[in-house]
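Student: Handing you a structure now.
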Amino acid sequence: MTPTVLVVEDEDALATLLQYNLEKEGYRVVHAADGEEALILVQEELPDLVVLDWMLPKVSGIEVCRRLRQRPESRNLPILMLTARGEESDRVRGLDTGADDYVVKPFAMSELTARIRAVMRRIRPGLADDRVTCGDIVMDRVSHRVKRGGVEVHLGPTEFRLLDHLMQHPGRVFSREQLLDAVWGSDVYVEARTVDVHIGRLRKALNGKADADPIRTVRSAGYSLDLEG
Ligand code: CA
């Protein structure tokens, strides 16, 4: 599953450079040019990490950071701040802005991508790992194999990506539209009902031997993966 990075940067040239390099690293990139847009996009896109410039029009980077930390859905969202050398204050150094890490401009792209990987690993181990476990389901991203209770589960590529996305955020409810964006991509036109079809196939494959159904249907909201019960 491709992790999504939201880049919040008002300098077009730097935003383009960041987008190019992060896409090359295998991330899906969403861009916001000011703080206000960033706050909206976090809700719409549910990114896995935010690269947040300190000096932004409308709402400053620090204020965006503070507001994201106040919202329950983005309280633990990894945030990497970008600051110009002059702005590198004790507040940033101590990271009491709520950011997880910071990089001082100008920076080498390789340094930034290394920091992003480190933040991802630290905060969402499931994202950076090749092997993810959720209850009795184990997914190996390298060999593309899934096992439930030690028994191999055969999934089609779409079902694999669906399960991968759900396993990265256990317990979280996703609408059909959010799953379409995450699994099929926002630039592809697919009907919302398609999600139901693939969820059906995923269930059938996972629940081979009358195991408890790990996929919860939330009426008029969407689906989530729940293996606690
Ligand atoms: Ca700026």
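Labeling convention for the structure tokens: chains A, B, ... as they appear, residues from 1 per chain, ligands from 1 in order of appearance.
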Could you pull out the residues in range 95-156 of chain A that DSSP calls strand (DSSP E or B) from the backbone, as number ranges by chain?

Tutor: A: 101-105, 131-134, 137-140, 145-148, 151-153

Student: Could you list the protein, DNA and RNA residues that have any atom within 6 Å of ligand 1, counting only C-alpha atoms and all ligand atoms, and write them as number ranges by chain?

Tutor: A: 9-11, 53, 55-56

Student: Would you output that residue set with N, CA and C atoms, as an mmCIF file, in the first residue's frame?

Tutor:
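Dumped to result26.cif:
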```cif
data_model
loop_
_atom_site.group_PDB
_atom_site.id
_atom_site.type_symbol
_atom_site.label_atom_id
_atom_site.label_comp_id
_atom_site.auth_asym_id
_atom_site.auth_seq_id
_atom_site.Cartn_x
_atom_site.Cartn_y
_atom_site.Cartn_z
ATOM 1 N N GLU A 9 3.595 23.509 1.353
ATOM 2 C CA GLU A 9 4.728 24.378 0.996
ATOM 3 C C GLU A 9 4.218 25.413 0.001
ATOM 4 N N ASP A 10 4.470 26.695 0.294
ATOM 5 C CA ASP A 10 3.954 27.752 -0.581
ATOM 6 C C ASP A 10 4.910 28.110 -1.709
ATOM 7 N N GLU A 11 6.181 27.696 -1.610
ATOM 8 C CA GLU A 11 7.111 27.964 -2.717
ATOM 9 C C GLU A 11 6.925 26.882 -3.770
ATOM 10 N N ASP A 53 5.733 23.217 6.005
ATOM 11 C CA ASP A 53 6.601 24.391 6.037
ATOM 12 C C ASP A 53 6.192 25.283 7.209
ATOM 13 N N MET A 55 6.785 28.753 7.543
ATOM 14 C CA MET A 55 6.218 30.034 7.108
ATOM 15 C C MET A 55 5.249 29.795 5.961
ATOM 16 N N LEU A 56 3.961 30.007 6.234
ATOM 17 C CA LEU A 56 2.931 29.745 5.228
ATOM 18 C C LEU A 56 1.932 30.887 5.204
#
```

Student: How would you write, as an NGL selection string, the set of residues in range 12-147 of chain A that DSSP gives as helix (DSSP H, G or I)?

Tutor: :A and (12-24 or 35-45 or 61-70 or 72-74 or 85-87 or 90-93 or 109-123 or 125-128)

Student: What is the distance, in Å and to one decimal place, between CA of Val29 in chain A and CA of Glu73 in chain A?

Tutor: 19.6 Å

Student: Name the residues in contact with Gly98 in chain A at a cut-off of 10 Å, using only C-alpha atoms, excluding same-chain residues fewer than 5 positions from it; report them as an NGL selection string.

Tutor: :A and (62 or 65-69 or 75-76 or 78-81 or 91-92)

Student: Any chance you can output those residues with N, CA and C atoms as a compact mmCIF listing (two decimals), in the first residue's frame?

Tutor:
```
# COMPACT_ATOMS: atom_id res chain seq x y z
N ILE A 62 3.13 26.40 12.35
CA ILE A 62 3.01 26.06 13.77
C ILE A 62 1.54 25.95 14.16
N CYS A 65 0.11 22.79 12.82
CA CYS A 65 0.58 21.71 13.67
C CYS A 65 -0.25 21.63 14.96
N ARG A 66 -0.45 22.77 15.59
CA ARG A 66 -1.20 22.83 16.85
C ARG A 66 -2.64 22.33 16.63
N ARG A 67 -3.27 22.79 15.54
CA ARG A 67 -4.66 22.39 15.29
C ARG A 67 -4.77 20.91 14.95
N LEU A 68 -3.78 20.39 14.21
CA LEU A 68 -3.82 18.96 13.88
C LEU A 68 -3.70 18.12 15.14
N ARG A 69 -2.90 18.60 16.09
CA ARG A 69 -2.70 17.86 17.34
C ARG A 69 -3.96 17.90 18.21
N ARG A 75 -4.21 13.46 15.84
CA ARG A 75 -3.37 13.63 17.03
C ARG A 75 -2.03 12.93 16.87
N ASN A 76 -2.04 11.76 16.25
CA ASN A 76 -0.79 11.00 16.11
C ASN A 76 -0.22 11.03 14.70
N PRO A 78 2.10 11.76 11.86
CA PRO A 78 3.49 12.22 11.84
C PRO A 78 3.65 13.54 11.09
N ILE A 79 4.33 14.49 11.72
CA ILE A 79 4.54 15.81 11.10
C ILE A 79 6.03 16.12 11.10
N LEU A 80 6.54 16.46 9.91
CA LEU A 80 7.93 16.85 9.76
C LEU A 80 7.95 18.32 9.34
N MET A 81 8.51 19.19 10.17
CA MET A 81 8.52 20.63 9.88
C MET A 81 9.70 21.01 9.02
N ARG A 91 12.05 26.54 20.08
CA ARG A 91 10.75 25.84 20.04
C ARG A 91 10.78 24.68 19.07
N VAL A 92 11.44 24.93 17.92
CA VAL A 92 11.52 23.86 16.93
C VAL A 92 12.49 22.80 17.41
```

Student: Pick the closest to Pro106 in chain A from A:Leu179, A:Ala84, A:Leu22, A:Leu166: which is it, counting only C-alpha atoms?

Tutor: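 Checking each candidate against Pro106 in chain A, we get A:Ala84 as the closest.
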
Student: Determine the nearest neighbour of Val151 in chain A from the options A:Glu36, A:Asp181, A:Asp12, A:Asp211, counting only C-alpha atoms.

Tutor: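 Of the candidates, the smallest distance to Val151 in chain A is held by A:Asp211.
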